[in-house]
Every structure is written in C-alpha cells, then in structure tokens.
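Asker: Following this message is one structure expressed as structure tokens.
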Amino acid sequence: MTTTTHRGALTREQPTEQQDSARRAMKRRTMWIWIGRIVLAVIVIGGWQWFTAVGWVDKFFFGQPSGIWNSLVLLFTEGTAFGTIWENLWITVQEAFMGFLLGTFVGVVLGILLGSNKYLSAVVGPYIRIVNSIPRIVLGSIFIVAFGLGTFPKVLLAAVLVFFIVFFNAFQGVREVDQNLVGNVRVLGASPLQVAAHVTIPSAMTWIIASLHSAFGFAIIGALVAEVLGAQHGIGLIISQAQGTFDPDTVFACMVIIAVVTLGAEYLISLLEDSLLKWRPPSRSEAQAI
C-alpha cells in the first residue's frame, strides 16, 4: 500500500515538473523574442538616423527619426490646421471601424451563403471577381464623386477592402467543412438553418477570425486612401497636406500613429479570437506548453 501511494505521488509530481519546465522555456523564449524585437528596432531606427545624419540618405525625401519625433510632439501639442490630432484620429478610426463592421458582416453572410450553395456561387462568383479586379483607388474616386467629402464614401471604401478579405476566407472556410458531418446532421433531421448555425458557421469560424487580423488594417487603409482623395478632416488629409509641402517627417509621424492604433485593434481581435474559439484544440506550440 505504501509503495502504491508513493508511485501515485511520483506520478502526480512528474507532470507538474514537466509543466513548470515548459513554462520556464516559454518565458525564456518570450524574453528572447522581445530582445530580438528591441535590437531590430534599435538597428533600423539608429541606422536610419545615422545614414541621414552623415548624408548617405537624403532626409529631405526620407525624413529622419528625430524629425519624426519632433513632428509627433507638434501634432499632439499644437494640433493641425484641421483641428487637434485627436479629433482627426477619431474621425479616421470611426470611418475605419464602421467600414470594418459593414465589410465583415456582408463578407461573412455572402461567403457562407455562396460557399453553401453551388448554384449561387456559379451565378454571383464572376461578378465578385470583376469587382475585385477594379483598383481600389478608382473605386475611392467614384465614391468621392458620387457621395461627396463626408464620412460615407470613406466607410464604403473601407468596407469594400474588408469585404473581399473576409468573403474569400468565409467562402473557403465553408467549403472546407466536413461534408460527412453535414450529411449526418441532416440525417438526424436538422434544418438548413440548424446546419448553418451548429456546423457550417462554427467550422468556418477559424477562417473568418483569421481574416479579421488583416481586415482591420485594410479598413484603415481604405479610410486613409479616401481621405487623401478628398476630405475635410482625418489623418489622411494631414498626410495629403504634408505630402504637398514636402514634409516626410509628418507623413511618417502619421504612419506611426496609425500603426499604434492598428496594433491595438490587432490585440483586441486576438482577445476576441481566444473567446470565440475556446473549443478549438490547442496548436502544437500551445500543446507543448501544457
């Protein structure tokens, strides 16, 4: 009895030691990843500053990190000719977010609908490919001419960019659903709506969520491009004005601001992914840490 108890204690202790070792390994890996990121940033920014300082790269065309920092300080302290930087940033983020929601909704609905129905896919598919082939800047110009300089054309262009990314992922995600599973559920008496709600959509959710990581970045791009083409406020308008006055530092400063916003949105989408895909089995790297 004593021997059995001792073996049971060893069995319980061994996985704990393995888990602790795996956690320490993950911490070390994370630490080295951040060290590598910081070193890379120092090399790029420091090299950029050095090359422009010694004249190997013309700062008139490519800007300078110190000048970009000064532009950031001026944007947040003195504002712009179109209002404070916060007002312009809020307008751009608002346009991008509304375009992101609209493009995601339409992309998911059409992607699931066409992926589940081969007839609709054959009928509508060519027209979607035709629209997808139109350069986005041309669509932006059409939207500006048709709807003016307000918010709607920016939202529309952002939605178009998001739509195609989400649509093709949702479409492919539905096509990758196990048809044997769908057939078994139908045999059990499930309606088409129940099949979609309990089989098709959950199975395609991994593809859909994966598309959202890049979709928000494209929503920002759509809003910025539309603002550059014509706007009364927004980060794109600030970039357009800086371009017209040959001010690359302000252009890069606006890019830094947008990058921070996009990374924040990426983090929130990752949290959404973790909450919606809890049922998903752990990946190889995740399983090794368990």
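As shown in the structure tokens, the chain order sets the letters A, B, ...; within each chain, residues go from 1, and ligands are also counted from 1 in the order they appear.
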Go through range 86-120 of chain A residue by residue and, counting only C-alpha atoms, keep those with an atom at most 8 Å from range 147-162 of chain A; for each kept residue give the shortest atom pair and its distance in Å to one decimal, ordered by chain and increasing number, as JSON lines.

Answerer:
```
{"residue": "A:Glu95", "atom": "CA", "partner": "A:Val155", "partner_atom": "CA", "distance": 5.0}
{"residue": "A:Ala96", "atom": "CA", "partner": "A:Ala158", "partner_atom": "CA", "distance": 6.0}
{"residue": "A:Met98", "atom": "CA", "partner": "A:Val155", "partner_atom": "CA", "distance": 6.1}
{"residue": "A:Gly99", "atom": "CA", "partner": "A:Ala159", "partner_atom": "CA", "distance": 4.1}
{"residue": "A:Phe100", "atom": "CA", "partner": "A:Ala159", "partner_atom": "CA", "distance": 5.7}
{"residue": "A:Leu101", "atom": "CA", "partner": "A:Ala159", "partner_atom": "CA", "distance": 7.6}
{"residue": "A:Leu102", "atom": "CA", "partner": "A:Ala159", "partner_atom": "CA", "distance": 5.7}
{"residue": "A:Gly103", "atom": "CA", "partner": "A:Ala159", "partner_atom": "CA", "distance": 4.1}
{"residue": "A:Thr104", "atom": "CA", "partner": "A:Val162", "partner_atom": "CA", "distance": 6.3}
{"residue": "A:Gly107", "atom": "CA", "partner": "A:Val162", "partner_atom": "CA", "distance": 7.8}
```

Asker: What separation in Å, quoted to one decimal, exists between CA of Thr200 in chain A and CA of Val177 in chain A?

Answerer: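 Separation of CA of Thr200 in chain A and CA of Val177 in chain A: 6.5 Å.
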
Asker: Could you find all residues in range 48-154 of chain A that DSSP calls helix (DSSP H, G or I) from the backbone, and write them as number ranges by chain?

Answerer: A: 48-54, 59-62, 65-77, 85-116, 118-133, 136-147, 151-154

Asker: Near Leu263 in chain A, within 12 Å and counting only C-alpha atoms, which residues show up once chain neighbours fewer than 3 positions away are dropped, as a list in words?

Answerer: His213, Ser214, Phe216, Gly217, Ile220, Val256, Ile257, Ile258, Ala259, Val260, Glu266, Tyr267, Leu268, Ile269 and Ser270 of chain A

Asker: Could you give me, as a CSV table (one decimal) with all heavy atoms, in the first residue's frame, the residues within 6 Å of range 66-83 of chain A, counting only C-alpha atoms and dropping anything in the same chain fewer than 4 positions from it?

Answerer:
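File written: selection.csv
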```csv
chain,number,residue,atom,x,y,z
A,249,ASP,N,8.6,63.9,-42.5
A,249,ASP,CA,8.6,63.7,-41.1
A,249,ASP,C,7.1,63.5,-40.6
A,249,ASP,O,6.8,62.6,-39.8
A,249,ASP,CB,9.3,64.7,-40.3
A,249,ASP,CG,10.8,64.7,-40.6
A,249,ASP,OD1,11.3,63.6,-40.9
A,249,ASP,OD2,11.5,65.7,-40.5
A,250,THR,N,6.3,64.5,-41.0
A,250,THR,CA,4.9,64.4,-40.6
A,250,THR,C,4.1,63.2,-41.2
A,250,THR,O,3.3,62.6,-40.6
A,250,THR,CB,4.1,65.7,-41.0
A,250,THR,OG1,4.8,66.8,-40.4
A,250,THR,CG2,2.7,65.7,-40.6
A,253,ALA,N,5.2,60.4,-39.1
A,253,ALA,CA,4.6,60.5,-37.8
A,253,ALA,C,3.1,60.0,-37.8
A,253,ALA,O,2.7,59.3,-36.9
A,253,ALA,CB,4.6,62.0,-37.4
```

Asker: From the list A:Thr30, A:Ile238, A:Ile128, A:Val166, which residue is nearest Thr84 in chain A when using only C-alpha atoms?

Answerer: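 Ranking A:Thr30, A:Ile238, A:Ile128, A:Val166 by distance to Thr84 in chain A, first place goes to A:Ile238.
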
Asker: Measuring atom to atom with only C-alpha atoms, identify which of A:Gln19, A:Gln49, A:Ser240, A:Gln194 is nearest to Gln64 in chain A.

Answerer: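 Closest to Gln64 in chain A of all the choices is A:Gln49.
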